[in-house]
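**Student:** Structure in structure tokens, see below.
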Amino acid sequence: MSSSVNLKKYRILVVDDEKAIRLMLLDFLEEKYTVRTADNGDEAWELLKKDHFDLVISDINMPGISGPKLLSEIRKKYPDTRVALITAYNVDDYVRVAKENSITNIIPKTVPFNFTELDALVYGLLNGDVFGLGKYLDDDMTVLDSTWIKSSFEARDARERVVDVLENKFGTSGDMKLIFDEIVTNAIYHAPTLNDGTEKYQEFSDVTLEPQEYIYVECGYDNEKYAVSITDYQGKLTKETVLYKIDRQITGEGLLDDSGRGIHMSRLFADRMIINIEPGKRTEVILLNYFSHKYRGYKPLYINEL
Amino acid sequence: MEHQNDEQSKQEHCSRKIQVSKRELETVFDAIDTMICIVDNNLSIVRVNKKYAGFVGHEIKAILGKKCHEMFFNCDSQCADCPCLVTFQTGEAVVNKRFIKKNPQEIRYFEVKTFPVYDPSGILIHVIEFIKDVTDEKRMIEQLIRSEKLASIGVMTAGIAHEMNNPLSGISGTAVNLLEKPEKYGLNDKGISRVGTILESAARATVIMKDLLHLSKKNESVYVMVDLNRLLIKTINAVHLEGAGEIQKKFMLDESLPFVYCDPSRIDQVIMNVVTNAMQSVTEKKQQMSAEGKKYTGRIVVSSQKQAATALITIADNGIGINPDIRRRIFDPFFSTKPAGQGTGLGLSVSHRIIEEHRGRIYFDSIDETTKFSIELPLESAGTKIKEE
């Protein structure tokens with residue numbers, strides 16, 4: 001990740017009633033950015049009245065106004081300000097609240113706290129620079145493999161290649177085999193549509209894709225994790241759809257049907273799932289697995305729609 | 001002549017009716033599950049039912065004429081606030097008396113009701129004592145109360161665990177920052193090392209907290225395909241008992257063991273129960289050996305094996321063993337070898353029930369001082385494998 005001097009121009013506000021959390025986020029983020037902290041919603045508003053902020057990160061449960069409400073109001077007043085929630089509780093319990101307030105990023109307070117992840121998230125939110133494995137792996141990352149999928153037949157090949165390369169390198173591929181299929185299936189059969197909006201290809205049929213429908217797969221690692229990125233250049237997925245599907249699976253509504261299964265399984269079986277959307281242009285799903293269960297806690301929600 | 005015959009047959013008829021009535025009453029008397037004892041105003045026993053005789057362990061003949069306090073409590077003197085005496089004095093029934101009888105092995109609780117019996121001229125001649133053994137009922141109510149308490153603690157535990165996440169994250173996050181850029185905070189090498197220790201402690205605290213959260217999850221019965229090996233390791237490592245750290249744990253798990261169709265949270269409970277007993281046995285043995293000045297290493301060996309149609313899990317310990325005289329009572333509800341107040345005696349009976357529901361088997365061997373509990377679960381030919389989270 002590149003660090004440039006002009007990152008200091010970005011102003012971040014951290015709102016949390018736990019002092020240690022405020023200070024640790026301040027210490028970390030002020031290395032690159034300009035950071036202010038507030039104990040609660042009221043203090044946050046005091047600071048917002050005086051200065052402009054590019055990003056507000058807020059705890060969910062605080063005395064006074066809750067994080068989601070605070071962020072929702074901030075966005076109404078300052079539509080250009082980005083927002084993210086952070087919580088020590090189970091992120092799944094707040095997906096619905098996030099959906100209702102149009103917030104798409106919830107950072108978990110893991111033990112130890114995952115600063116690398118925070119770094120990537122903050123950078124992406126401020127910059128819009130969210131696509132590509134390089135944002136989520138360390139600077140000294142290594143790319144293991146990359147390939148284009150041009151047909152349903154090649155999809156199977158690609159899966160085998162990714163699984164093999166991971167098994168050879170790390171002795172494991174986690175549940176990649178399972179998840180890879182789900183995500184690529186979505187990309188092949190659900191992304192391409194006809195003019196009237198219906199799906200172009202019948203599910204599970206043999207398909208040869210047109211160039212704009214090709215899917216790009218990349219696989220890489222750094223010293224604490226490996227990741228697989230799957231990108232389609234249709235950009236049909238929306239953050240509302242993703243939130244809706246995740247919410248359904250969490251509440252158990254969607255357990256018996258296929259809709260959203262790919263997203264649900266990815267979130268369930270991969271350590272991290274990051275979804276990046278450039279509407280009409282491209283959709284990227286990044287699946288990440290840590291080598292050790294170093295970060296104990298709940299799984300985050302990371303959806304970026306530009 | 002006819003008139004006399006009529007009278008005679010009427011008398012015979014009445015006599016027969018009385019005999020039948022008497023037989024019926026006697027049958028009822030002896031069939032009643034409550035102990036019945038009828039005493040006169042000297043508290044001497046005039047009549048008892050079979051249940052009473054069975055309880056005090058004497059023939060009915062030997063009981064009659066003895067004092068009721070002598071028979072029931074082996075006591076020469078009358079009981080303080082004897083309900084029979086109250087009934088004799090007041091002529092009223094007493095229905096709310098409780099007594100405790102202590103055996104060498106256990107304490108039992110009795111509920112006593114006394115009723116007055118008047119003769120045809122209205123004189124109070126006898127009192128009937130109904131004595132009911134309410135020990136099991138009492139224990140069950142105690143258990144219910146304890147369960148309710150545990151349930152509310154369970155709810156609190158989840159809340160506490162969550163609340164602890166916040167400061168723990170702060171502690172570890174701050175420590176990480178300090179270690180990343182020690183010069184920013186003026187840390188020397190010693191400081192760096194100490195902060196590393198803070199990080200390790202925070203990590204340990206988090207593991208315990210996660211285990212608590214896991215335990216306090218709601219208990220809905222859900223059957224899924226389970227990786228028993230993973231479940232064994234996770235569960236056993238989550239048992240945080242005093243002294244558990246000093247016990248050697250060895251896992252001999254069959255990698256080829258297929259997934260088993262079962263309710264993971266219930267099987268979890270069974271494993272926890274068996275392992276906890278094993279650990280307590282080992283800890284007790286260690287205390288014994290220490291007191292005798294002998295060396296001892298507590299050991300628990302956990303194994304899993306694929307058998308023809310079942311998965312077999314065994315948990316063996318080298319603790320104090322199970323006494324031959326109590327072996328057949330191990331799975332009885334409320335049976336416990338621990339002193340009163342510690343544990344409910346329900347663990348193994350509930351575990352037995354759970355394994356039964358799974359159509360499996362749970363049994364044990366105790367030879368010398370090696371105790372081995374075995375749990376068998378059927379291997380289904382099942383549908384898709386869904387890995388446990």
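Residues in the structure tokens are numbered from 1 in each chain, the chains being A, B, ... in the order shown, and ligands are numbered from 1 in the order shown.
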I'd like the neighbourhood of stretch 72-87 of chain B as a PDB file with C-alpha atoms, in the first residue's frame, where a residue qualifies if any of its atoms comes within 7 Å (using only C-alpha atoms), though same-chain residues fewer than 3 positions away should be ignored.

**Tutor:**
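Resulting contents of out.pdb:
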ATOM      1  CA  VAL B  56     -38.306 -49.566  58.507  1.00  0.00           C
ATOM      2  CA  CYS B  68     -43.633 -44.847  66.320  1.00  0.00           C
ATOM      3  CA  HIS B  69     -40.556 -42.704  67.087  1.00  0.00           C
ATOM      4  CA  THR B  90     -56.493 -30.649  69.395  1.00  0.00           C
ATOM      5  CA  GLY B  91     -58.516 -33.275  67.587  1.00  0.00           C
ATOM      6  CA  GLU B  92     -57.477 -31.568  64.340  1.00  0.00           C
ATOM      7  CA  ALA B  93     -55.513 -32.933  61.393  1.00  0.00           C
ATOM      8  CA  VAL B  94     -51.957 -31.705  60.919  1.00  0.00           C
ATOM      9  CA  THR B 114     -51.777 -36.867  60.754  1.00  0.00           C
ATOM     10  CA  PHE B 115     -55.527 -37.434  60.954  1.00  0.00           C
ATOM     11  CA  PRO B 116     -57.756 -38.115  63.995  1.00  0.00           C
ATOM     12  CA  VAL B 127     -54.228 -41.054  64.896  1.00  0.00           C
TER      13      VAL B 127
END

**Student:** Which residues are near B:Lys249? Cut-off 7 Å, only C-alpha atoms, ignore same chain within fewer than 5 positions. Put them as a list in words.

**Tutor:**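 The residues satisfying every condition are Arg299, Ile300 and Val301 of chain B.
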
**Student:** Could you list the residues in chain B lying within 6 Å of chain A, using only C-alpha atoms, and format the result as a ChimeraX atom specification?

**Tutor:** /B:162,165-166,169-170,172-174

**Student:** Would you please extract all strand (DSSP E) residues from stretch 243-363 of chain B, as assigned by DSSP on the backbone, and give them as a count of residues only?

**Tutor:** 28

**Student:** Which neighbours of A:Leu243 fall inside 12 Å, counting only C-alpha atoms, when residues of the same chain fewer than 4 positions from it are skipped, and could you give them as a ChimeraX atom specification?

**Tutor:** /A:92,94-106,237-239,247-250,260,263-264,267,275,301-305

**Student:** Give me the residues near A:Lys32 as a PyMOL selection string, where near means some atom within 7 Å (using only C-alpha atoms) and where sequence neighbours in that chain fewer than 3 positions away do not count.

**Tutor:** chain A and resi 7-8+29

**Student:** Would you save the residues of that selection, restricted to C-alpha atoms, as a PDB file, in the first residue's frame?

**Tutor:**
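After the write, out_20.pdb holds the following:
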ATOM      1  CA  LEU A   7      -2.713  11.558   3.017  1.00  0.00           C
ATOM      2  CA  LYS A   8      -2.423  13.967   5.941  1.00  0.00           C
ATOM      3  CA  LEU A  29      -4.306   6.330  12.188  1.00  0.00           C
TER       4      LEU A  29
END
